[in-house]
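S.K.: Next comes model38.txt, compact mmCIF, C-alpha atoms (C1' of nucleotides):
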```
# COMPACT_ATOMS: atom_id res chain seq x y z
CA MET A 1 -3.13 22.46 10.15
CA LYS A 2 -0.11 20.45 9.18
CA GLN A 3 3.24 22.15 9.08
CA TYR A 4 5.79 20.43 6.92
CA GLN A 5 9.33 21.63 7.13
CA SER A 6 11.57 20.62 4.26
CA PHE A 7 15.03 19.29 4.96
CA ASP A 8 17.68 21.84 5.84
CA PRO A 9 21.25 20.45 5.44
CA SER A 10 22.63 22.99 7.91
CA ILE A 11 21.18 21.02 10.84
CA LEU A 12 23.43 18.08 9.99
CA LYS A 13 26.48 17.19 12.00
CA TRP A 14 29.20 15.01 10.50
CA CYS A 15 31.73 13.01 12.47
CA GLU A 16 34.69 12.03 10.33
CA GLN A 17 36.09 9.47 12.82
CA THR A 18 32.93 7.36 12.88
CA SER A 19 31.55 8.28 9.43
CA SER A 20 28.37 9.33 11.16
CA LEU A 21 25.74 11.95 10.60
CA THR A 22 23.45 13.18 13.34
CA LEU A 23 20.03 14.74 12.87
CA PRO A 24 18.23 16.55 15.69
CA LEU A 25 14.81 15.03 16.38
CA PRO A 26 11.54 16.92 16.65
CA GLN A 27 9.42 16.09 19.68
CA PRO A 28 7.52 14.00 20.45
CA PHE A 29 9.64 11.15 19.12
CA ARG A 30 10.11 7.61 20.44
CA TYR A 31 12.63 5.56 18.51
CA GLU A 32 11.36 2.23 19.85
CA GLN A 33 7.82 2.99 18.62
CA ASN A 34 9.10 3.45 15.09
CA LEU A 35 11.20 0.33 15.46
CA GLY A 36 8.03 -1.46 16.51
CA TYR A 37 6.40 -0.53 13.25
CA LEU A 38 9.46 -1.50 11.21
CA THR A 39 9.68 -4.94 12.79
CA ARG A 40 6.02 -5.83 12.30
CA SER A 41 6.93 -8.29 9.52
CA THR A 42 9.62 -10.93 9.82
CA ASN A 43 9.73 -11.12 6.03
CA GLU A 44 10.86 -7.56 5.33
CA CYS A 45 13.69 -7.55 2.78
CA LEU A 46 14.56 -3.85 2.46
CA PHE A 47 16.19 -3.39 5.87
CA HIS A 48 17.55 -5.43 8.77
CA VAL A 49 16.91 -4.57 12.38
CA ASP A 50 19.69 -5.80 14.64
CA ASN A 51 18.97 -4.94 18.25
CA PHE A 52 18.50 -1.15 18.07
CA ASP A 53 20.31 -0.63 14.76
CA ILE A 54 18.46 -0.44 11.46
CA TYR A 55 20.62 -1.41 8.49
CA LYS A 56 19.45 -0.26 5.11
CA LEU A 57 20.92 -0.08 1.62
CA ILE A 58 19.77 3.10 -0.05
CA GLN A 59 20.25 4.48 -3.52
CA VAL A 60 21.72 7.95 -3.79
CA GLY A 61 22.05 9.02 -7.40
CA ASP A 62 23.94 6.21 -9.09
CA ASN A 63 25.54 5.16 -5.83
CA HIS A 64 24.31 2.71 -3.20
CA VAL A 65 25.13 3.34 0.43
CA LEU A 66 24.66 1.00 3.38
CA ILE A 67 23.65 2.89 6.49
CA ALA A 68 22.99 2.00 10.12
CA VAL A 69 20.46 4.14 11.98
CA ASN A 70 19.85 4.37 15.70
CA SER A 71 18.87 6.75 18.47
CA GLU A 72 19.84 6.52 22.08
CA TYR A 73 17.90 9.28 23.78
CA ASN A 74 15.24 10.28 21.24
CA THR A 75 16.89 13.66 20.94
CA GLU A 76 18.89 12.91 17.83
CA LEU A 77 19.11 10.29 15.13
CA ARG A 78 22.51 8.83 14.32
CA ILE A 79 23.21 7.66 10.80
CA GLN A 80 26.41 5.77 10.28
CA ILE A 81 27.71 5.35 6.74
CA VAL A 82 28.68 1.70 6.95
CA HIS A 83 29.68 1.10 3.38
CA SER A 84 29.52 2.83 0.03
CA MET A 85 29.72 1.09 -3.34
CA ASN A 86 31.75 4.03 -4.57
CA ALA A 87 34.81 4.80 -2.51
CA ALA A 88 34.43 8.56 -2.72
CA LEU A 89 31.73 10.07 -0.54
CA PRO A 90 31.14 13.71 -1.41
CA ILE A 91 29.26 16.00 0.93
CA SER A 92 26.30 15.98 -1.43
CA VAL A 93 25.93 12.23 -0.88
CA ARG A 94 25.94 12.73 2.88
CA GLU A 95 23.21 15.29 2.50
CA ASP A 96 21.17 13.02 0.27
CA VAL A 97 21.50 10.19 2.79
CA ALA A 98 20.33 12.49 5.58
CA ARG A 99 17.46 13.78 3.45
CA TYR A 100 16.36 10.20 2.80
CA VAL A 101 16.32 9.36 6.51
CA TRP A 102 14.59 12.67 7.23
CA GLU A 103 11.78 11.73 4.89
CA TRP A 104 11.74 8.10 6.02
CA PHE A 105 11.03 9.09 9.64
CA ASP A 106 8.85 12.05 8.65
CA LEU A 107 10.99 14.45 10.64
CA GLY A 108 9.52 17.47 8.86
CA THR A 109 6.11 17.14 10.49
CA ASP A 110 5.20 18.90 13.72
CA LEU A 111 3.07 16.32 15.51
CA THR A 112 1.79 18.57 18.29
CA PRO A 113 -1.42 19.64 16.49
CA PHE A 114 -2.23 15.96 15.88
CA TYR A 115 -1.74 15.11 19.53
CA GLU A 116 -3.89 18.07 20.55
CA LEU A 117 -6.61 16.91 18.21
CA ALA A 118 -6.32 13.34 19.47
CA LYS A 119 -7.03 14.36 23.07
CA GLY A 120 -10.61 15.14 22.13
CA ASP A 121 -11.12 12.10 19.93
CA LEU A 122 -12.55 8.91 21.37
CA LEU A 123 -10.56 6.69 19.00
CA LEU A 124 -7.30 8.55 18.72
CA ASN A 125 -6.89 9.37 22.39
CA GLN A 126 -6.02 5.77 23.25
CA VAL A 127 -3.78 4.98 20.28
CA THR A 128 -1.76 8.17 20.61
CA GLN A 129 -1.04 7.17 24.19
CA ASP A 130 -0.26 3.55 23.33
CA PHE A 131 2.04 4.55 20.46
CA TYR A 132 3.27 7.88 21.79
CA GLY A 133 6.15 9.18 19.68
CA LEU A 134 5.38 7.05 16.61
CA ARG A 135 5.88 8.83 13.32
CA LEU A 136 4.43 7.97 9.94
CA MET A 137 7.30 5.91 8.58
CA GLY A 138 7.51 6.65 4.89
CA ILE A 139 8.69 5.22 1.62
CA PRO A 140 10.76 8.08 0.19
CA ASP A 141 11.31 6.45 -3.20
CA LEU A 142 8.24 7.04 -5.40
CA PHE A 143 8.69 3.92 -7.52
CA GLU A 144 9.01 1.77 -4.42
CA ALA A 145 5.98 3.41 -2.80
CA MET A 146 3.79 2.91 -5.87
CA SER A 147 5.04 -0.65 -6.34
CA TRP A 148 4.34 -1.54 -2.72
CA GLY A 149 0.86 -0.07 -3.07
CA ILE A 150 0.16 -2.09 -6.20
CA ILE A 151 1.58 -5.26 -4.67
CA GLY A 152 -0.61 -4.84 -1.59
CA GLN A 153 -3.85 -4.49 -3.51
CA GLN A 154 -6.39 -7.16 -2.58
CA ILE A 155 -3.96 -9.66 -1.03
CA ASN A 156 -3.01 -10.33 2.56
CA LEU A 157 0.03 -8.56 3.94
CA THR A 158 1.98 -11.78 4.49
CA PHE A 159 1.78 -12.66 0.82
CA ALA A 160 2.51 -9.05 -0.14
CA TYR A 161 5.82 -9.25 1.73
CA THR A 162 6.61 -12.50 -0.05
CA LEU A 163 5.93 -10.96 -3.46
CA LYS A 164 8.04 -7.93 -2.60
CA ARG A 165 10.92 -10.14 -1.52
CA ARG A 166 10.78 -12.11 -4.77
CA LEU A 167 10.72 -8.91 -6.81
CA VAL A 168 13.62 -7.39 -4.88
CA GLU A 169 15.77 -10.52 -4.85
CA THR A 170 15.22 -11.05 -8.56
CA PHE A 171 15.60 -7.53 -9.90
CA GLY A 172 16.99 -5.42 -7.06
CA THR A 173 20.50 -4.32 -6.16
CA GLN A 174 22.48 -6.25 -3.58
CA LEU A 175 25.45 -5.59 -1.39
CA GLU A 176 27.36 -8.16 0.63
CA TRP A 177 28.79 -6.90 3.87
CA LYS A 178 30.19 -8.98 6.72
CA GLY A 179 28.52 -12.11 5.44
CA GLN A 180 25.09 -10.52 5.15
CA THR A 181 23.22 -9.54 2.01
CA PHE A 182 21.49 -6.19 1.83
CA TRP A 183 18.99 -5.34 -0.87
CA ALA A 184 17.77 -2.14 -2.45
CA PHE A 185 14.50 -1.91 -4.37
CA PRO A 186 14.79 -2.37 -8.15
CA THR A 187 15.00 0.76 -10.24
CA ALA A 188 12.11 1.75 -12.49
CA GLU A 189 14.48 1.35 -15.45
CA ARG A 190 15.09 -2.29 -14.57
CA ILE A 191 11.38 -3.14 -14.24
CA ALA A 192 10.41 -1.10 -17.29
CA GLU A 193 12.30 -3.46 -19.57
CA LEU A 194 10.50 -6.58 -18.33
CA ASN A 195 7.70 -8.58 -19.92
CA PRO A 196 4.69 -9.35 -17.69
CA GLU A 197 5.71 -13.03 -17.79
CA ALA A 198 8.82 -12.20 -15.78
CA LEU A 199 6.55 -11.09 -12.94
CA THR A 200 3.78 -13.67 -13.27
CA ALA A 201 6.57 -16.23 -12.86
CA LEU A 202 6.96 -14.76 -9.34
CA GLN A 203 3.18 -15.26 -8.71
CA PHE A 204 2.19 -11.70 -9.54
CA THR A 205 -1.23 -11.69 -11.18
CA GLY A 206 -1.27 -10.65 -14.83
CA LYS A 207 -2.85 -7.33 -14.02
CA LYS A 208 -0.42 -6.44 -11.27
CA ALA A 209 2.45 -7.31 -13.59
CA GLU A 210 1.04 -4.90 -16.16
CA TYR A 211 0.40 -2.15 -13.60
CA LEU A 212 3.90 -2.41 -12.17
CA ILE A 213 5.64 -2.38 -15.54
CA GLY A 214 3.38 0.45 -16.68
CA VAL A 215 4.36 2.63 -13.71
CA ALA A 216 8.01 1.69 -14.20
CA LYS A 217 7.84 2.80 -17.84
CA LEU A 218 6.24 6.12 -16.94
CA MET A 219 9.02 6.80 -14.47
CA ALA A 220 11.83 5.51 -16.69
CA GLU A 221 10.58 7.71 -19.51
CA GLY A 222 10.40 10.73 -17.23
CA GLN A 223 6.64 11.12 -17.48
CA LEU A 224 6.21 10.52 -13.77
CA ALA A 225 8.53 11.89 -11.09
CA LYS A 226 8.25 12.69 -7.40
CA GLU A 227 9.72 16.15 -7.84
CA GLU A 228 7.21 16.98 -10.55
CA LEU A 229 4.29 15.82 -8.42
CA LEU A 230 5.50 17.79 -5.42
CA ARG A 231 5.97 20.89 -7.54
CA ARG A 232 2.19 21.04 -7.93
CA ASN A 233 1.95 21.97 -4.28
CA ASP A 234 -1.70 20.93 -4.21
CA PHE A 235 -2.65 17.47 -3.01
CA ALA A 236 -5.93 17.34 -4.90
CA GLU A 237 -3.93 17.91 -8.09
CA MET A 238 -1.37 15.27 -7.13
CA GLU A 239 -4.14 12.77 -6.43
CA LYS A 240 -5.76 13.53 -9.77
CA GLU A 241 -2.45 13.02 -11.52
CA LEU A 242 -1.91 9.66 -9.81
CA LEU A 243 -5.46 8.49 -10.55
CA ARG A 244 -4.84 8.90 -14.26
CA ILE A 245 -2.34 6.04 -14.11
CA ARG A 246 -3.62 2.56 -14.91
CA GLY A 247 -3.61 0.42 -11.78
CA ILE A 248 -3.75 3.39 -9.43
CA GLY A 249 -7.17 3.78 -7.82
CA PRO A 250 -8.25 5.92 -4.84
CA TRP A 251 -6.70 3.60 -2.28
CA THR A 252 -3.25 3.41 -3.90
CA ALA A 253 -3.21 7.12 -4.75
CA ASN A 254 -3.90 8.04 -1.13
CA TYR A 255 -1.48 5.41 0.12
CA VAL A 256 1.27 7.00 -1.98
CA LEU A 257 0.26 10.52 -0.92
CA MET A 258 0.46 9.37 2.67
CA ARG A 259 3.72 7.43 2.68
CA CYS A 260 5.74 9.10 -0.04
CA LEU A 261 4.36 12.55 -0.84
CA ARG A 262 3.79 13.37 2.82
CA ASN A 263 0.24 14.54 2.72
CA ALA A 264 -1.03 14.18 6.31
CA ALA A 265 -4.57 14.60 5.00
CA ALA A 266 -4.32 11.64 2.62
CA PHE A 267 -6.90 9.05 3.53
CA PRO A 268 -7.06 5.50 2.10
CA LEU A 269 -10.72 5.19 3.00
CA ALA A 270 -11.20 1.75 1.43
CA ASP A 271 -8.32 0.24 3.40
CA VAL A 272 -9.24 -3.13 4.88
CA GLY A 273 -6.61 -2.75 7.58
CA LEU A 274 -8.22 0.49 8.71
CA HIS A 275 -11.64 -1.16 8.66
CA ASN A 276 -10.45 -4.04 10.80
CA ALA A 277 -8.67 -1.71 13.20
CA LEU A 278 -11.85 0.35 13.65
CA LYS A 279 -13.90 -2.81 14.10
CA HIS A 280 -11.48 -3.94 16.78
CA VAL A 281 -11.16 -0.63 18.61
CA LEU A 282 -14.92 -0.06 18.61
CA SER A 283 -15.72 -3.72 19.38
CA LEU A 284 -18.04 -3.90 16.38
CA GLU A 285 -19.65 -7.12 15.17
CA GLN A 286 -18.83 -6.22 11.59
CA LYS A 287 -16.52 -3.87 9.76
CA PRO A 288 -17.79 -0.29 9.71
CA THR A 289 -19.48 1.04 6.58
CA LEU A 290 -17.86 3.80 4.53
CA PRO A 291 -20.36 6.45 5.72
CA HIS A 292 -19.65 5.37 9.30
CA ILE A 293 -15.91 5.75 8.73
CA ARG A 294 -16.39 9.18 7.20
CA GLN A 295 -18.37 10.15 10.26
CA LEU A 296 -15.70 8.82 12.65
CA ALA A 297 -13.03 10.70 10.69
CA GLU A 298 -14.80 14.06 10.74
CA GLY A 299 -12.61 15.24 13.59
CA TRP A 300 -9.39 14.12 11.90
CA LYS A 301 -9.34 16.88 9.27
CA GLY A 302 -5.83 17.40 8.00
CA TRP A 303 -4.48 14.40 9.94
CA GLU A 304 -6.28 11.45 8.38
CA ALA A 305 -3.01 9.82 7.31
CA TYR A 306 -1.59 9.90 10.84
CA ALA A 307 -4.88 8.66 12.29
CA THR A 308 -4.85 5.74 9.85
CA PHE A 309 -1.21 4.94 10.55
CA TYR A 310 -1.75 4.87 14.32
CA LEU A 311 -4.86 2.72 13.95
CA TRP A 312 -2.95 0.24 11.79
CA ARG A 313 -0.61 -0.31 14.72
CA VAL A 314 -3.48 -1.73 16.73
CA LEU A 315 -3.59 -4.74 14.43
CA TYR A 316 -0.18 -5.06 12.79
C1' DT J 1 -12.35 -25.79 2.73
C1' DG J 2 -14.27 -21.44 2.07
C1' DC J 3 -13.73 -16.87 3.11
C1' DC J 4 -10.71 -13.16 3.30
C1' DA J 5 -6.97 -10.14 1.84
C1' DG J 6 -3.73 -2.70 3.37
C1' DG J 7 -8.41 -2.86 -4.68
C1' DT J 8 -8.97 -1.71 -9.62
C1' DA J 9 -10.64 -1.88 -14.33
C1' DA J 10 -14.16 -2.81 -17.15
C1' DA J 11 -18.73 -3.98 -17.99
C1' DC J 12 -23.24 -2.85 -17.10
C1' DA J 13 -27.65 -0.44 -15.85
C1' DT I 1 -23.13 8.57 -12.67
C1' DG I 2 -23.47 4.82 -9.78
C1' DT I 3 -23.29 -0.32 -9.16
C1' DT I 4 -21.64 -5.04 -10.15
C1' DT I 5 -18.30 -8.35 -11.58
C1' DA I 6 -13.85 -10.52 -13.01
C1' DC I 7 -9.47 -10.75 -11.75
C1' DA I 8 -6.13 -14.40 -9.47
C1' DT I 9 -3.52 -16.14 -5.73
C1' DG I 10 -1.94 -17.28 -1.09
C1' DG I 11 -3.01 -17.27 4.03
C1' DC I 12 -5.38 -19.21 7.66
```
Would you write out, as structure tokens, the structure that this file holds?

M.R.:
Amino acid sequence: MKQYQSFDPSILKWCEQTSSLTLPLPQPFRYEQNLGYLTRSTNECLFHVDNFDIYKLIQVGDNHVLIAVNSEYNTELRIQIVHSMNAALPISVREDVARYVWEWFDLGTDLTPFYELAKGDLLLNQVTQDFYGLRLMGIPDLFEAMSWGIIGQQINLTFAYTLKRRLVETFGTQLEWKGQTFWAFPTAERIAELNPEALTALQFTGKKAEYLIGVAKLMAEGQLAKEELLRRNDFAEMEKELLRIRGIGPWTANYVLMRCLRNAAAFPLADVGLHNALKHVLSLEQKPTLPHIRQLAEGWKGWEAYATFYLWRVLY
DNA sequence: TGCCAGGTAAACA
DNA sequence: TGTTTACATGGC
């Protein structure tokens, strides 16, 4: 069964001279595997990878902070505060930054039960060796996670990245630093005030424009919030709550549960990427049927999200 | 060029 | 309740 440990600020170390935080890493962890996932698209706009450093502009309250993340020995993660839009940097901001990175790298999950399970699974045995130390990289911001899910519906990933970039560069927050531009995902408040035409102009379909603005409005009005969803403490309830939202079907609900709400048992069964990965790994002539996938996943109980994430890496 | 793409809502039986 | 179809557009 999955053990999820919530973030404990007391494990943080702060170095004043370098403006750096360090987080101890759970094992197994391989930084380069996670970097491999993060660099799968050359059109990603929400972070830059420069050698072994990941630069990312993140929103913390009303503030935006540019951070650089790296890890030398896989024993701890180093987070340097590169630049803050507000000069003052209270301890609470440092903690929020660390919490964000904690969730981003899924540091609260003990992977050992998954690896134990994988040893006896024909499919997972190979991928857990090939991608040993990979963690389920998340999307801590609920609005971003839901938006990315909606954007990715029924279009190829290349185009999805293009649409995301247009959305971010049109409505997001930017920071210039040393001649480079860093972007943060638009706030729900910003998208909530748009007309669908503002998004169809970026090649969003009419329906996706409506879905996205609809979700933004729910969040801007306080009717939908990550904290509220998590308070339910029951993933079936969270899924039900998400499915009530227009534009959120079983795939997107489980995608969000998997990458934002940290449910290791979330399972986007209809995912074409998963289907193609299974087809490839099993050398099938055609994509597996849903009953076949359910059968293959019988041994993954409680870890379907991790199984899916590892299998994605076979193709992307 | 035609099929496919990290699906969903709405119509229909 | 379960199945089919329209949506819409780019990638390859």

S.K.: With all atoms listed in the file considered, list every residue of chain A at most 9 Å from chain I, as a list of chain:residue names.

M.R.: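 For chain A, the answer reads A:Ile155, A:Asn156, A:Thr158, A:Phe159, A:Gln203, A:Phe204, A:Thr205, A:Gly206, A:Lys207.
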
S.K.: Quick check: residues of chain J within 7 Å of chain A, only C-alpha atoms (C1' of nucleotides), returned as a VMD selection string.

M.R.: chain J and resid 5 to 8

S.K.: Just give me the gap between atom CA of Arg99 of chain A and atom CA of Phe7 of chain A in Å, one decimal is fine.

M.R.: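 Atom CA of Phe7 of chain A lies 6.2 Å from atom CA of Arg99 of chain A.
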
S.K.: So how far away is atom CA of Ala145 of chain A from atom CA of Pro186 of chain A, in Å?

M.R.: 11.8 Å

S.K.: Do you have the atom CA of Lys287 of chain A-atom CA of Ala266 of chain A distance handy?

M.R.: 21.0 Å
